[in-house]
Every structure is written in structure tokens, then in C-alpha cells.
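Comments concern the structure below.
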Amino acid sequence: MLTDLAVLVGRVLIAVLFLAGALQKAIDPTPVMLLLSGLGLPAALVWVALGFNAVVGVMVVAGWAVRPVAVLLAVYCGVTSLFHLIPDDPWQMSIFIKNWAIAGGCLVLAAHGPGRYVLRQPV
């Protein structure tokens, strides 16, 4: 029982990061838009990222399709870490490393699945 409870808490903690990211982008998309534009990417990708963060966050909390979603999140963390690869900026390097740590947690979640506590998927 404690194992399944730990998996649930871990799932929720991972999901909160992505749900908070969606909320942050919804409240003030400008920083992400500037980051994307500065890299030559379309600023409108912020809305794709917002939607992705919101959907996967809910899915992880609910325990729906956790294994494939966790793999997607690990890849997402790896790709987005590259935005923070600024060796001269210790704060950005901290975020870079944290993204890889989160990717690792997502891979563990992908390997072990959602545990016992999941919401039944809507029909």
C-alpha cells in the first residue's frame, strides 16, 4: 500500500510541475514567446506547450496512459532543457540539470506505471 501511495504522490508532484507551467504560460506567455522568438522559433508555440503541459499534467494525476505520457514528458524535458543550456548563467544551468532530473523521474514512472490509485478513464 505504501508503494502505491508513494507512486501516487510522485505522480502528483511531477504533474504539478507541468500544470503550473501551463498556468504560468496562460497568465503571462510573453517570456516564453520571447525565448522562442529569440531562438528563431514561432512565438505561437507557447500555446502548443501550454496545451501539452495541461493535458499531460491531468493525465499523469489521473493515472491515464501514464507509461507513454511519461516517456513523452522525459523527451519534452530533454528538449526543453536545451533552452536553458547557458553555461555562463548558474541559474539557467540549475534549470538545465533539474530538467534532466525530472526526465529521470518520468522514465522511472514510465517503467513502473501509475500504481494502484488511478481514476477510471471516461468512456
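Numbering starts fresh at 1 for the residues of each chain in the C-alpha cells, the chains themselves are lettered A, B, ... in the order given, and ligands are numbered from 1 as they appear.
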
Can you tell me which residues surround Ala20 in chain A at a distance of at most 10 Å, considering only C-alpha atoms, apart from same-chain residues fewer than 4 positions away, and format the answer as a list in words?
Ala15, Val16, Gln24, Lys25, Ala26, Leu50, Asn53, Ala54 and Gly57 of chain A

Give me, as a ChimeraX atom specification, the residues of range 13-102 of chain A that a backbone DSSP run labels helix (DSSP H, G or I).
/A:13-27,30-38,45-62,66-84,90-102

Here is a test: counting only C-alpha atoms, which residue of A:Ile14, A:Val60, A:Leu119, A:Pro31 is nearest to Asn99 in chain A?
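Using only C-alpha atoms, Asn99 in chain A sits closest to A:Ile14.
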
Can you pull out the residues contacting Val12 in chain A? Cut-off 12 Å, using only C-alpha atoms, and skip same-chain residues under 3 positions away; I want them as JSON, numbers by chain.
{"A": [5, 6, 7, 8, 9, 15, 16, 17, 18, 19, 20, 56, 57, 58, 59, 60, 61, 62, 63, 66, 106, 109, 114, 117, 118]}

Could you tell me how far CA of Phe52 in chain A sits from CA of Ala70 in chain A, in Å to one decimal place?
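Calculated distance between CA of Ala70 in chain A and CA of Phe52 in chain A is 12.4 Å.
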
So the first atom is CA of Pro87 in chain A and the second is CA of Trp100 in chain A; what is the distance between them in Å, to one decimal place?
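Separating CA of Pro87 in chain A from CA of Trp100 in chain A is a distance of 15.3 Å.
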
Identify, on the basis of only C-alpha atoms, every residue whose closest approach to Val71 in chain A does not exceed 10 Å; exclude the query and any residue fewer than 6 positions from it along the same chain; express the result as a VMD selection string.
chain A and resid 77 103 to 104 106 to 111

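If you look at CA of Gly113 in chain A and CA of Lys98 in chain A, they are 21.8 Å away from each other.
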
Test item: residues at most 9 Å from range 81-85 of chain A, only C-alpha atoms, excluding those fewer than 5 positions along its chain, as a PyMOL selection string
chain A and resi 35-36+39+76+91-100

Write the residues of the preceding selection, restricted to N, CA, C and O atoms, as a PDB file, in the first residue's frame.
```pdb
ATOM      1  N   LEU A  35      11.504  33.981 -25.590  1.00  0.00           N
ATOM      2  CA  LEU A  35      12.515  32.923 -25.652  1.00  0.00           C
ATOM      3  C   LEU A  35      12.443  32.193 -26.983  1.00  0.00           C
ATOM      4  O   LEU A  35      13.458  31.996 -27.658  1.00  0.00           O
ATOM      5  N   LEU A  36      11.233  31.820 -27.380  1.00  0.00           N
ATOM      6  CA  LEU A  36      11.053  31.110 -28.647  1.00  0.00           C
ATOM      7  C   LEU A  36      11.474  31.973 -29.830  1.00  0.00           C
ATOM      8  O   LEU A  36      12.203  31.517 -30.713  1.00  0.00           O
ATOM      9  N   LEU A  39      15.098  32.342 -30.362  1.00  0.00           N
ATOM     10  CA  LEU A  39      15.738  31.148 -30.933  1.00  0.00           C
ATOM     11  C   LEU A  39      15.305  30.899 -32.375  1.00  0.00           C
ATOM     12  O   LEU A  39      15.613  29.858 -32.951  1.00  0.00           O
ATOM     13  N   TYR A  76      10.272  15.614 -23.662  1.00  0.00           N
ATOM     14  CA  TYR A  76       9.961  17.046 -23.562  1.00  0.00           C
ATOM     15  C   TYR A  76      10.963  17.743 -22.634  1.00  0.00           C
ATOM     16  O   TYR A  76      11.477  18.811 -22.961  1.00  0.00           O
ATOM     17  N   TRP A  91      21.979  30.071 -12.774  1.00  0.00           N
ATOM     18  CA  TRP A  91      20.547  29.826 -12.599  1.00  0.00           C
ATOM     19  C   TRP A  91      20.002  28.982 -13.747  1.00  0.00           C
ATOM     20  O   TRP A  91      19.284  28.009 -13.532  1.00  0.00           O
ATOM     21  N   GLN A  92      20.355  29.330 -14.974  1.00  0.00           N
ATOM     22  CA  GLN A  92      19.891  28.573 -16.133  1.00  0.00           C
ATOM     23  C   GLN A  92      20.476  27.154 -16.141  1.00  0.00           C
ATOM     24  O   GLN A  92      19.793  26.197 -16.511  1.00  0.00           O
ATOM     25  N   MET A  93      21.704  27.021 -15.696  1.00  0.00           N
ATOM     26  CA  MET A  93      22.310  25.685 -15.621  1.00  0.00           C
ATOM     27  C   MET A  93      21.619  24.834 -14.558  1.00  0.00           C
ATOM     28  O   MET A  93      21.477  23.626 -14.719  1.00  0.00           O
ATOM     29  N   SER A  94      21.157  25.466 -13.497  1.00  0.00           N
ATOM     30  CA  SER A  94      20.396  24.741 -12.484  1.00  0.00           C
ATOM     31  C   SER A  94      19.093  24.217 -13.077  1.00  0.00           C
ATOM     32  O   SER A  94      18.709  23.057 -12.848  1.00  0.00           O
ATOM     33  N   ILE A  95      18.426  25.037 -13.866  1.00  0.00           N
ATOM     34  CA  ILE A  95      17.191  24.609 -14.523  1.00  0.00           C
ATOM     35  C   ILE A  95      17.491  23.500 -15.532  1.00  0.00           C
ATOM     36  O   ILE A  95      16.737  22.522 -15.639  1.00  0.00           O
ATOM     37  N   PHE A  96      18.591  23.634 -16.256  1.00  0.00           N
ATOM     38  CA  PHE A  96      19.018  22.605 -17.213  1.00  0.00           C
ATOM     39  C   PHE A  96      19.153  21.253 -16.510  1.00  0.00           C
ATOM     40  O   PHE A  96      18.610  20.242 -16.963  1.00  0.00           O
ATOM     41  N   ILE A  97      19.848  21.240 -15.386  1.00  0.00           N
ATOM     42  CA  ILE A  97      20.069  19.994 -14.641  1.00  0.00           C
ATOM     43  C   ILE A  97      18.754  19.473 -14.051  1.00  0.00           C
ATOM     44  O   ILE A  97      18.481  18.271 -14.080  1.00  0.00           O
ATOM     45  N   LYS A  98      17.921  20.368 -13.529  1.00  0.00           N
ATOM     46  CA  LYS A  98      16.633  19.943 -12.972  1.00  0.00           C
ATOM     47  C   LYS A  98      15.758  19.300 -14.047  1.00  0.00           C
ATOM     48  O   LYS A  98      15.054  18.325 -13.774  1.00  0.00           O
ATOM     49  N   ASN A  99      15.801  19.838 -15.262  1.00  0.00           N
ATOM     50  CA  ASN A  99      15.014  19.232 -16.338  1.00  0.00           C
ATOM     51  C   ASN A  99      15.436  17.785 -16.575  1.00  0.00           C
ATOM     52  O   ASN A  99      14.592  16.922 -16.811  1.00  0.00           O
ATOM     53  N   TRP A 100      16.742  17.516 -16.514  1.00  0.00           N
ATOM     54  CA  TRP A 100      17.210  16.152 -16.711  1.00  0.00           C
ATOM     55  C   TRP A 100      16.825  15.269 -15.533  1.00  0.00           C
ATOM     56  O   TRP A 100      16.511  14.092 -15.713  1.00  0.00           O
TER      57      TRP A 100
END
```

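Using only C-alpha atoms for every distance, the candidate list A:Leu23, A:Leu2, A:Arg11, A:Asp88 yields A:Leu23 as the residue closest to Gly51 in chain A.
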